[in-house]
>>> print(open('model.txt').read())   # compact mmCIF, C-alpha atoms
# COMPACT_ATOMS: atom_id res chain seq x y z
CA MET A 432 46.45 124.35 -12.81
CA LYS A 433 43.48 124.46 -10.45
CA ARG A 434 41.68 121.20 -10.03
CA VAL A 435 38.06 121.03 -9.05
CA SER A 436 37.76 117.33 -8.45
CA GLU A 437 40.00 114.32 -8.12
CA LEU A 438 39.58 110.60 -7.49
CA ARG A 439 42.51 108.35 -6.66
CA LEU A 440 42.19 104.57 -6.33
CA TYR A 441 44.85 102.00 -5.60
CA CYS A 442 44.55 98.22 -5.46
CA PRO A 443 46.12 94.88 -6.48
CA ALA A 444 46.29 94.32 -10.25
CA GLN A 445 43.80 91.46 -10.23
CA SER A 446 40.76 90.94 -12.40
CA GLN A 447 38.25 90.99 -9.53
CA TYR A 448 39.14 94.61 -8.74
CA VAL A 449 38.54 95.99 -12.24
CA ALA A 450 34.74 96.21 -11.98
CA PRO A 451 34.74 97.87 -8.50
CA ILE A 452 37.27 100.49 -9.71
CA ARG A 453 35.18 101.13 -12.80
CA HIS A 454 32.03 101.49 -10.67
CA ALA A 455 33.78 103.97 -8.39
CA LEU A 456 34.92 105.97 -11.42
CA ALA A 457 31.35 105.93 -12.81
CA ALA A 458 30.01 107.24 -9.48
CA PHE A 459 32.66 109.98 -9.48
CA LEU A 460 31.68 111.03 -13.02
CA GLU A 461 28.00 110.95 -12.09
CA ALA A 462 28.72 113.25 -9.15
CA LEU A 463 30.32 115.61 -11.69
CA HIS A 464 27.02 115.53 -13.65
CA LEU A 465 28.51 114.08 -16.80
CA ASP A 466 25.84 112.62 -19.02
CA ARG A 467 25.34 108.88 -19.31
CA SER A 468 27.00 108.32 -22.68
CA MET A 469 30.08 110.32 -21.66
CA ARG A 470 30.30 108.40 -18.37
CA ASP A 471 29.99 105.12 -20.24
CA ASP A 472 32.71 106.08 -22.69
CA VAL A 473 35.17 107.26 -20.05
CA THR A 474 34.61 104.20 -17.86
CA THR A 475 34.90 101.96 -20.93
CA ALA A 476 38.29 103.50 -21.81
CA ALA A 477 39.46 103.27 -18.18
CA GLY A 478 38.23 99.67 -18.00
CA GLU A 479 40.33 98.81 -21.04
CA ALA A 480 43.45 100.36 -19.51
CA LEU A 481 42.82 98.46 -16.25
CA ALA A 482 42.24 95.18 -18.09
CA ASN A 483 45.53 95.67 -19.94
CA VAL A 484 47.33 96.01 -16.60
CA VAL A 485 45.71 92.84 -15.25
CA GLU A 486 46.45 90.83 -18.39
CA HIS A 487 49.90 92.09 -19.36
CA ALA A 488 51.71 94.43 -16.96
CA TYR A 489 53.20 91.84 -14.63
CA ALA A 490 53.23 88.83 -16.94
CA ASN A 491 57.04 89.01 -17.40
CA SER A 492 57.94 90.72 -14.14
CA SER A 493 58.40 87.97 -11.57
CA ARG A 494 60.87 90.15 -9.59
CA ILE A 495 58.24 92.81 -8.88
CA ALA A 496 56.64 92.14 -5.50
CA ALA A 497 54.02 94.90 -5.44
CA ARG A 498 51.72 94.06 -8.33
CA ASP A 499 49.33 96.92 -8.06
CA VAL A 500 47.49 99.44 -10.18
CA GLN A 501 46.55 103.03 -9.53
CA LEU A 502 43.84 105.13 -11.16
CA LEU A 503 43.78 108.89 -10.93
CA ALA A 504 40.84 110.80 -12.42
CA ARG A 505 40.67 114.59 -12.31
CA LEU A 506 38.54 117.31 -13.78
CA ASP A 507 40.16 120.72 -14.16
CA LEU A 508 38.41 124.08 -14.27
CA GLY A 509 38.69 124.20 -18.05
CA GLY A 510 36.44 121.16 -18.27
CA LYS A 511 39.22 118.80 -19.23
CA LEU A 512 38.85 115.36 -17.71
CA SER A 513 41.90 113.16 -17.45
CA VAL A 514 42.26 109.57 -16.29
CA ASP A 515 45.66 108.03 -15.65
CA VAL A 516 46.12 104.30 -15.09
CA TRP A 517 49.55 103.43 -13.70
CA ASP A 518 51.35 100.18 -12.91
CA ARG A 519 54.89 99.15 -11.96
CA GLY A 520 55.21 96.52 -14.68
CA GLU A 521 56.71 96.29 -18.09
CA PHE A 522 55.05 97.67 -21.22
CA ILE A 523 55.45 95.17 -24.04
CA ARG A 524 55.15 96.46 -27.58
CA ARG A 525 54.00 93.66 -29.79
CA LYS A 526 52.37 93.33 -33.16
CA PRO A 527 48.63 93.06 -32.69
CA LEU A 528 47.43 89.51 -33.30
CA PRO A 529 44.35 89.01 -35.48
CA GLY A 530 41.24 89.10 -33.33
CA ARG A 531 43.14 90.53 -30.33
CA GLY A 532 44.39 93.87 -29.08
CA PHE A 533 41.15 95.81 -29.17
CA GLY A 534 41.78 97.56 -25.86
CA LEU A 535 44.11 100.29 -27.10
CA ARG A 536 42.03 100.72 -30.25
CA ILE A 537 38.96 101.36 -28.09
CA ILE A 538 40.85 103.81 -25.88
CA ARG A 539 42.13 105.69 -28.94
CA ALA A 540 38.58 105.90 -30.33
CA ILE A 541 37.23 107.40 -27.10
CA ALA A 542 39.99 109.57 -25.66
CA GLN A 543 40.79 112.99 -27.07
CA GLN A 544 44.44 112.35 -26.28
CA LEU A 545 46.33 109.24 -25.25
CA ARG A 546 49.87 109.17 -23.90
CA ILE A 547 51.74 106.06 -22.78
CA ASP A 548 54.73 106.74 -20.56
CA THR A 549 56.96 103.72 -19.88
CA LYS A 550 59.82 105.36 -17.93
CA ARG A 551 58.78 104.05 -14.49
CA GLY A 552 56.33 101.24 -14.96
CA THR A 553 53.59 102.15 -17.41
CA CYS A 554 51.28 105.13 -17.19
CA VAL A 555 48.40 105.33 -19.65
CA SER A 556 47.17 108.94 -19.63
CA MET A 557 43.84 109.66 -21.29
CA THR A 558 42.15 113.02 -21.64
CA PHE A 559 38.54 113.63 -22.56
CA GLY A 560 36.25 116.53 -23.13
CA GLY A 561 37.16 120.21 -23.02
CA PRO A 562 34.37 122.71 -23.73
CA ALA A 563 32.10 119.97 -25.07
CA LEU A 564 32.39 118.15 -21.76
CA LEU A 565 31.53 121.31 -19.81
CA LYS A 566 28.42 121.84 -21.92
CA LYS A 567 27.26 118.38 -20.98
CA ARG A 568 27.60 119.05 -17.23
CA MET B 1466 21.02 78.22 -21.76
CA ASN B 1467 18.10 76.98 -23.88
CA GLN B 1468 18.43 74.62 -26.78
CA SER B 1469 15.89 73.73 -29.42
CA ASP B 1470 16.31 71.52 -32.46
CA SER B 1471 17.11 74.38 -34.78
CA ILE B 1472 18.26 77.45 -32.88
CA ARG B 1473 20.29 77.41 -29.71
CA THR B 1474 20.02 80.40 -27.41
CA ILE B 1475 22.95 81.49 -25.28
CA ARG B 1476 21.92 84.10 -22.74
CA LEU B 1477 24.46 86.33 -21.01
CA SER B 1478 23.64 89.09 -18.55
CA GLY B 1479 25.21 91.72 -16.33
CA GLU B 1480 28.70 93.05 -16.92
CA LEU B 1481 30.78 91.05 -19.39
CA GLU B 1482 34.30 91.95 -18.34
CA ILE B 1483 37.72 90.57 -17.59
CA GLY B 1484 36.71 89.18 -14.18
CA ARG B 1485 34.22 86.86 -15.94
CA LYS B 1486 36.46 85.79 -18.83
CA ASP B 1487 36.35 82.05 -18.05
CA GLU B 1488 32.58 82.10 -17.55
CA ILE B 1489 32.04 83.93 -20.86
CA ARG B 1490 34.34 81.55 -22.71
CA GLU B 1491 32.51 78.56 -21.21
CA ALA B 1492 29.08 79.98 -22.15
CA LEU B 1493 30.28 80.56 -25.72
CA ARG B 1494 31.57 77.04 -26.21
CA ARG B 1495 30.66 75.57 -29.59
CA SER B 1496 28.33 72.59 -29.73
CA ALA B 1497 28.50 69.93 -32.44
CA SER B 1498 24.71 70.03 -32.76
CA ASP B 1499 24.55 73.77 -33.48
CA ARG B 1500 22.64 74.77 -36.61
CA ALA B 1501 22.09 78.40 -35.65
CA VAL B 1502 22.83 80.36 -32.50
CA LEU B 1503 21.12 83.34 -30.93
CA VAL B 1504 23.33 85.10 -28.39
CA ASP B 1505 20.92 87.05 -26.21
CA LEU B 1506 22.72 90.02 -24.67
CA SER B 1507 19.50 91.90 -23.80
CA ASP B 1508 20.40 92.02 -20.12
CA VAL B 1509 24.06 92.89 -20.59
CA THR B 1510 24.83 96.24 -19.01
CA TYR B 1511 28.50 96.53 -19.96
CA ALA B 1512 31.06 94.74 -22.10
CA ASP B 1513 34.81 95.14 -22.47
CA SER B 1514 37.29 94.04 -25.12
CA VAL B 1515 37.86 90.73 -23.33
CA ALA B 1516 34.17 89.90 -23.85
CA LEU B 1517 34.29 91.17 -27.45
CA THR B 1518 37.28 88.93 -28.14
CA GLU B 1519 35.40 85.89 -26.84
CA LEU B 1520 32.30 86.79 -28.87
CA LEU B 1521 34.42 87.34 -31.97
CA ARG B 1522 36.15 84.00 -31.49
CA PHE B 1523 32.75 82.29 -31.24
CA CYS B 1524 31.31 84.07 -34.31
CA VAL B 1525 34.39 83.44 -36.48
CA SER B 1526 34.50 79.78 -35.49
CA SER B 1527 30.75 79.38 -36.19
CA SER B 1528 31.05 81.18 -39.50
CA ARG B 1529 33.77 78.78 -40.62
CA ASP B 1530 31.23 75.99 -40.19
CA ALA B 1531 28.45 78.01 -41.86
CA ILE B 1532 26.55 78.30 -38.56
CA PRO B 1533 24.69 81.64 -38.49
CA VAL B 1534 24.95 83.63 -35.26
CA ALA B 1535 22.73 86.58 -34.29
CA LEU B 1536 23.23 88.87 -31.31
CA VAL B 1537 20.40 90.62 -29.47
CA VAL B 1538 21.82 93.85 -28.10
CA ARG B 1539 19.96 96.57 -26.22
CA THR B 1540 22.72 98.37 -24.36
CA PRO B 1541 24.09 101.52 -26.02
CA GLN B 1542 27.49 100.95 -24.38
CA PHE B 1543 27.78 97.57 -26.10
CA ALA B 1544 26.86 98.99 -29.50
CA ARG B 1545 29.40 101.79 -29.09
CA ILE B 1546 32.30 99.59 -27.95
CA VAL B 1547 31.72 97.36 -30.98
CA GLN B 1548 32.04 100.46 -33.19
CA TYR B 1549 35.14 101.70 -31.34
CA ALA B 1550 36.79 98.30 -31.75
CA GLY B 1551 36.09 98.38 -35.50
CA LEU B 1552 34.00 95.21 -35.23
CA ALA B 1553 30.65 96.44 -36.53
CA ALA B 1554 30.87 94.16 -39.56
CA ALA B 1555 31.87 91.15 -37.48
CA PHE B 1556 28.56 90.75 -35.65
CA LYS B 1557 24.92 90.49 -36.73
CA ASN B 1558 23.27 92.70 -34.13
CA PHE B 1559 19.52 93.04 -33.58
CA ASP B 1560 17.68 95.07 -30.99
CA ASP B 1561 14.91 92.55 -30.55
CA ARG B 1562 14.74 88.80 -30.32
CA ASP B 1563 12.09 88.35 -33.03
CA ALA B 1564 14.20 90.12 -35.63
CA ALA B 1565 17.19 87.99 -34.68
CA LEU B 1566 15.14 84.80 -34.94
CA ALA B 1567 13.79 85.91 -38.34
CA TYR B 1568 17.34 86.46 -39.57
CA LEU B 1569 18.41 83.02 -38.36
CA ALA B 1570 15.36 81.42 -39.97
CA GLN B 1571 16.18 83.15 -43.28
CA SER B 1572 19.74 81.92 -42.95
CA GLY B 1573 18.49 78.38 -43.16
CA ALA B 1574 18.12 77.40 -39.54
CA GLU B 1575 14.48 76.43 -39.90
>>> encode(input="model.txt", output="structure tokens")
Amino acid sequence: MKRVSELRLYCPAQSQYVAPIRHALAAFLEALHLDRSMRDDVTTAAGEALANVVEHAYANSSRIAARDVQLLARLDLGGKLSVDVWDRGEFIRRKPLPGRGFGLRIIRAIAQQLRIDTKRGTCVSMTFGGPALLKKR
Amino acid sequence: MNQSDSIRTIRLSGELEIGRKDEIREALRRSASDRAVLVDLSDVTYADSVALTELLRFCVSSSRDAIPVALVVRTPQFARIVQYAGLAAAFKNFDDRDAALAYLAQSGAE
């Protein structure tokens, strides 16, 4: 698959890095001429995935030295935008507590597709757009 | 933060996100003297689910004590994330301060 644009960011999984990563993603999407509401939605979904990493990924993983997070955003020629957020930690499936666990719900509401791969760390893969996204560019 | 006899105003601005969790929680601390609370989010440019959780906690806790809470929201991103989280019914949102104050007054704050 040909890719027209790609952004890759890598940093420690700490709360102070979430906003700068989100800002960089927003700038990338702006450079791709996505409209404001689409940019807001994609960065909101990515922000939720990043916040999940900071809050949960390494909470039970004291043996993991490199507590980092990676974001990969790419737009293919078909107009499909994907954002992957990857960490080396442990994905914990738990029953949502009342008044908690809105992050994945928000991602599901925004992303066209959501895939969570837990084979090596956790990779949250979100796709957005398609022809509708191209029209907005 | 401003406080009058009847309606307390809590003002938050900028990006309400995980990096400011403690600050948001501190700003949304309940006060024993509260009769009604206006949470002014007019200058908020972004909010995430961490901020929504703190706001929800504050609204639910206030509601238990029959303290009305109104939010002033002007950012489309905030309105949308509330919808995406399925929390539209949990907050009393207004797009201007006067409407929020009128609601609080009707709710018995004045």
>>> atom_distance(input="model.txt", atom1="CA of Arg539 (chain A)", atom2="CA of Ile523 (chain A)")
17.7 Å
>>> closest_residue(input="model.txt", among="B:Val1525, B:Ala1531, B:Val1502, B:Ala1564", to="chain A", atoms="all atoms listed in the file")
B:Val1525
>>> interface_residues(input="model.txt", of="chain B", to="chain A", cutoff="7 Å", atoms="all atoms listed in the file", output="MDAnalysis selection string")
chainID B and resid 1483:1484 1513:1514 1518 1542 1546 1549:1550
>>> atom_distance(input="model.txt", atom1="CA of Leu440 (chain A)", atom2="CA of Val500 (chain A)")
8.3 Å
>>> axis_aligned_box(input="model.txt", around="region 1513-1528 of chain B", padding_each_side="8 Å", output="lines of an AutoDock Vina configuration file")
center_x = 34.3
center_y = 87.3
center_z = -31.0
size_x = 23.1
size_y = 31.8
size_z = 33.0
>>> residues_around(input="model.txt", residues="Met557 (chain A)", least_positions_apart="3", cutoff="6 Å", atoms="only C-alpha atoms", output="PDB file with C-alpha atoms, in the coordinates of the input")
ATOM      1  CA  SER A 513      41.900 113.160 -17.450  1.00  0.00           C
ATOM      2  CA  VAL A 514      42.260 109.570 -16.290  1.00  0.00           C
ATOM      3  CA  ALA A 542      39.990 109.570 -25.660  1.00  0.00           C
ATOM      4  CA  GLN A 544      44.440 112.350 -26.280  1.00  0.00           C
ATOM      5  CA  LEU A 545      46.330 109.240 -25.250  1.00  0.00           C
TER       6      LEU A 545
END
>>> closest_residue(input="model.txt", among="B:Ser1526, B:Leu1521, B:Arg1562, B:Leu1477", to="Ser1496 (chain B)", atoms="all atoms listed in the file")
B:Ser1526
>>> atom_distance(input="model.txt", atom1="CA of Asp518 (chain A)", atom2="CA of Met469 (chain A)")
25.1 Å
>>> closest_residue(input="model.txt", among="B:Leu1566, B:Ser1528, B:Phe1559, B:Val1504", to="Arg1476 (chain B)", atoms="all atoms listed in the file")
B:Val1504
>>> residues_around(input="model.txt", residues="Ser1507 (chain B)", least_positions_apart="2", cutoff="10 Å", atoms="all atoms listed in the file", output="list of chain:residue names")
B:Arg1476, B:Leu1477, B:Ser1478, B:Gly1479, B:Val1504, B:Asp1505, B:Val1509, B:Thr1510, B:Leu1536, B:Val1537, B:Val1538, B:Arg1539, B:Thr1540, B:Phe1559, B:Asp1560, B:Asp1561, B:Arg1562
>>> closest_residue(input="model.txt", among="B:Val1547, B:Ala1497, B:Leu1520, B:Val1534", to="Ala1565 (chain B)", atoms="all atoms listed in the file")
B:Val1534
>>> residues_around(input="model.txt", residues="His487 (chain A)", least_positions_apart="6", cutoff="9 Å", atoms="only C-alpha atoms", output="list in words")
Gly520, Glu521, Phe522 and Ile523 of chain A
>>> build_atoms(input="model.txt", residues="region 463-494 of chain A", atoms="N, CA and C atoms", output="mmCIF file, in the frame of the given file")
data_model
loop_
_atom_site.group_PDB
_atom_site.id
_atom_site.type_symbol
_atom_site.label_atom_id
_atom_site.label_comp_id
_atom_site.auth_asym_id
_atom_site.auth_seq_id
_atom_site.Cartn_x
_atom_site.Cartn_y
_atom_site.Cartn_z
ATOM 1 N N LEU A 463 29.910 114.417 -10.920
ATOM 2 C CA LEU A 463 30.320 115.610 -11.690
ATOM 3 C C LEU A 463 29.258 115.996 -12.729
ATOM 4 N N HIS A 464 28.156 115.263 -12.750
ATOM 5 C CA HIS A 464 27.020 115.530 -13.650
ATOM 6 C C HIS A 464 27.359 115.329 -15.125
ATOM 7 N N LEU A 465 28.282 114.434 -15.399
ATOM 8 C CA LEU A 465 28.510 114.080 -16.800
ATOM 9 C C LEU A 465 27.341 113.234 -17.287
ATOM 10 N N ASP A 466 26.988 113.392 -18.543
ATOM 11 C CA ASP A 466 25.840 112.620 -19.020
ATOM 12 C C ASP A 466 26.197 111.144 -19.180
ATOM 13 N N ARG A 467 25.173 110.334 -19.353
ATOM 14 C CA ARG A 467 25.340 108.880 -19.310
ATOM 15 C C ARG A 467 26.293 108.364 -20.381
ATOM 16 N N SER A 468 26.159 108.871 -21.606
ATOM 17 C CA SER A 468 27.000 108.320 -22.680
ATOM 18 C C SER A 468 28.468 108.694 -22.460
ATOM 19 N N MET A 469 28.702 109.905 -21.946
ATOM 20 C CA MET A 469 30.080 110.320 -21.660
ATOM 21 C C MET A 469 30.669 109.475 -20.528
ATOM 22 N N ARG A 470 29.844 109.244 -19.493
ATOM 23 C CA ARG A 470 30.300 108.400 -18.370
ATOM 24 C C ARG A 470 30.643 107.001 -18.870
ATOM 25 N N ASP A 471 29.750 106.466 -19.699
ATOM 26 C CA ASP A 471 29.990 105.120 -20.240
ATOM 27 C C ASP A 471 31.288 105.066 -21.030
ATOM 28 N N ASP A 472 31.501 106.085 -21.863
ATOM 29 C CA ASP A 472 32.710 106.080 -22.690
ATOM 30 C C ASP A 472 33.978 106.185 -21.851
ATOM 31 N N VAL A 473 33.968 107.084 -20.871
ATOM 32 C CA VAL A 473 35.170 107.260 -20.050
ATOM 33 C C VAL A 473 35.440 105.998 -19.233
ATOM 34 N N THR A 474 34.391 105.414 -18.655
ATOM 35 C CA THR A 474 34.610 104.200 -17.860
ATOM 36 C C THR A 474 34.992 103.013 -18.763
ATOM 37 N N THR A 475 34.491 103.009 -19.981
ATOM 38 C CA THR A 475 34.900 101.960 -20.930
ATOM 39 C C THR A 475 36.400 102.076 -21.223
ATOM 40 N N ALA A 476 36.860 103.293 -21.513
ATOM 41 C CA ALA A 476 38.290 103.500 -21.810
ATOM 42 C C ALA A 476 39.140 103.135 -20.595
ATOM 43 N N ALA A 477 38.714 103.593 -19.403
ATOM 44 C CA ALA A 477 39.460 103.270 -18.180
ATOM 45 C C ALA A 477 39.461 101.764 -17.931
ATOM 46 N N GLY A 478 38.325 101.124 -18.170
ATOM 47 C CA GLY A 478 38.230 99.670 -18.000
ATOM 48 C C GLY A 478 39.198 98.932 -18.898
ATOM 49 N N GLU A 479 39.374 99.439 -20.116
ATOM 50 C CA GLU A 479 40.330 98.810 -21.040
ATOM 51 C C GLU A 479 41.761 98.957 -20.534
ATOM 52 N N ALA A 480 42.086 100.145 -20.038
ATOM 53 C CA ALA A 480 43.450 100.360 -19.510
ATOM 54 C C ALA A 480 43.692 99.455 -18.295
ATOM 55 N N LEU A 481 42.686 99.321 -17.426
ATOM 56 C CA LEU A 481 42.820 98.460 -16.250
ATOM 57 C C LEU A 481 42.957 96.987 -16.648
ATOM 58 N N ALA A 482 42.163 96.576 -17.629
ATOM 59 C CA ALA A 482 42.240 95.180 -18.090
ATOM 60 C C ALA A 482 43.607 94.877 -18.686
ATOM 61 N N ASN A 483 44.178 95.861 -19.385
ATOM 62 C CA ASN A 483 45.530 95.670 -19.940
ATOM 63 C C ASN A 483 46.547 95.437 -18.825
ATOM 64 N N VAL A 484 46.412 96.192 -17.742
ATOM 65 C CA VAL A 484 47.330 96.010 -16.600
ATOM 66 C C VAL A 484 47.187 94.591 -16.059
ATOM 67 N N VAL A 485 45.946 94.168 -15.824
ATOM 68 C CA VAL A 485 45.710 92.840 -15.250
ATOM 69 C C VAL A 485 46.262 91.741 -16.160
ATOM 70 N N GLU A 486 46.053 91.899 -17.458
ATOM 71 C CA GLU A 486 46.450 90.830 -18.390
ATOM 72 C C GLU A 486 47.940 90.833 -18.718
ATOM 73 N N HIS A 487 48.556 92.025 -18.784
ATOM 74 C CA HIS A 487 49.900 92.090 -19.360
ATOM 75 C C HIS A 487 50.993 92.680 -18.481
ATOM 76 N N ALA A 488 50.658 93.616 -17.588
ATOM 77 C CA ALA A 488 51.710 94.430 -16.960
ATOM 78 C C ALA A 488 52.738 93.603 -16.206
ATOM 79 N N TYR A 489 52.273 92.584 -15.491
ATOM 80 C CA TYR A 489 53.200 91.840 -14.630
ATOM 81 C C TYR A 489 53.479 90.432 -15.149
ATOM 82 N N ALA A 490 53.086 90.186 -16.389
ATOM 83 C CA ALA A 490 53.230 88.830 -16.940
ATOM 84 C C ALA A 490 54.700 88.403 -17.011
ATOM 85 N N ASN A 491 55.616 89.351 -17.285
ATOM 86 C CA ASN A 491 57.040 89.010 -17.400
ATOM 87 C C ASN A 491 57.864 89.674 -16.312
ATOM 88 N N SER A 492 57.249 89.946 -15.183
ATOM 89 C CA SER A 492 57.940 90.720 -14.140
ATOM 90 C C SER A 492 57.901 89.981 -12.815
ATOM 91 N N SER A 493 58.484 88.784 -12.781
ATOM 92 C CA SER A 493 58.400 87.970 -11.570
ATOM 93 C C SER A 493 59.136 88.622 -10.395
ATOM 94 N N ARG A 494 60.105 89.528 -10.688
ATOM 95 C CA ARG A 494 60.870 90.150 -9.590
ATOM 96 C C ARG A 494 60.099 91.273 -8.902
#
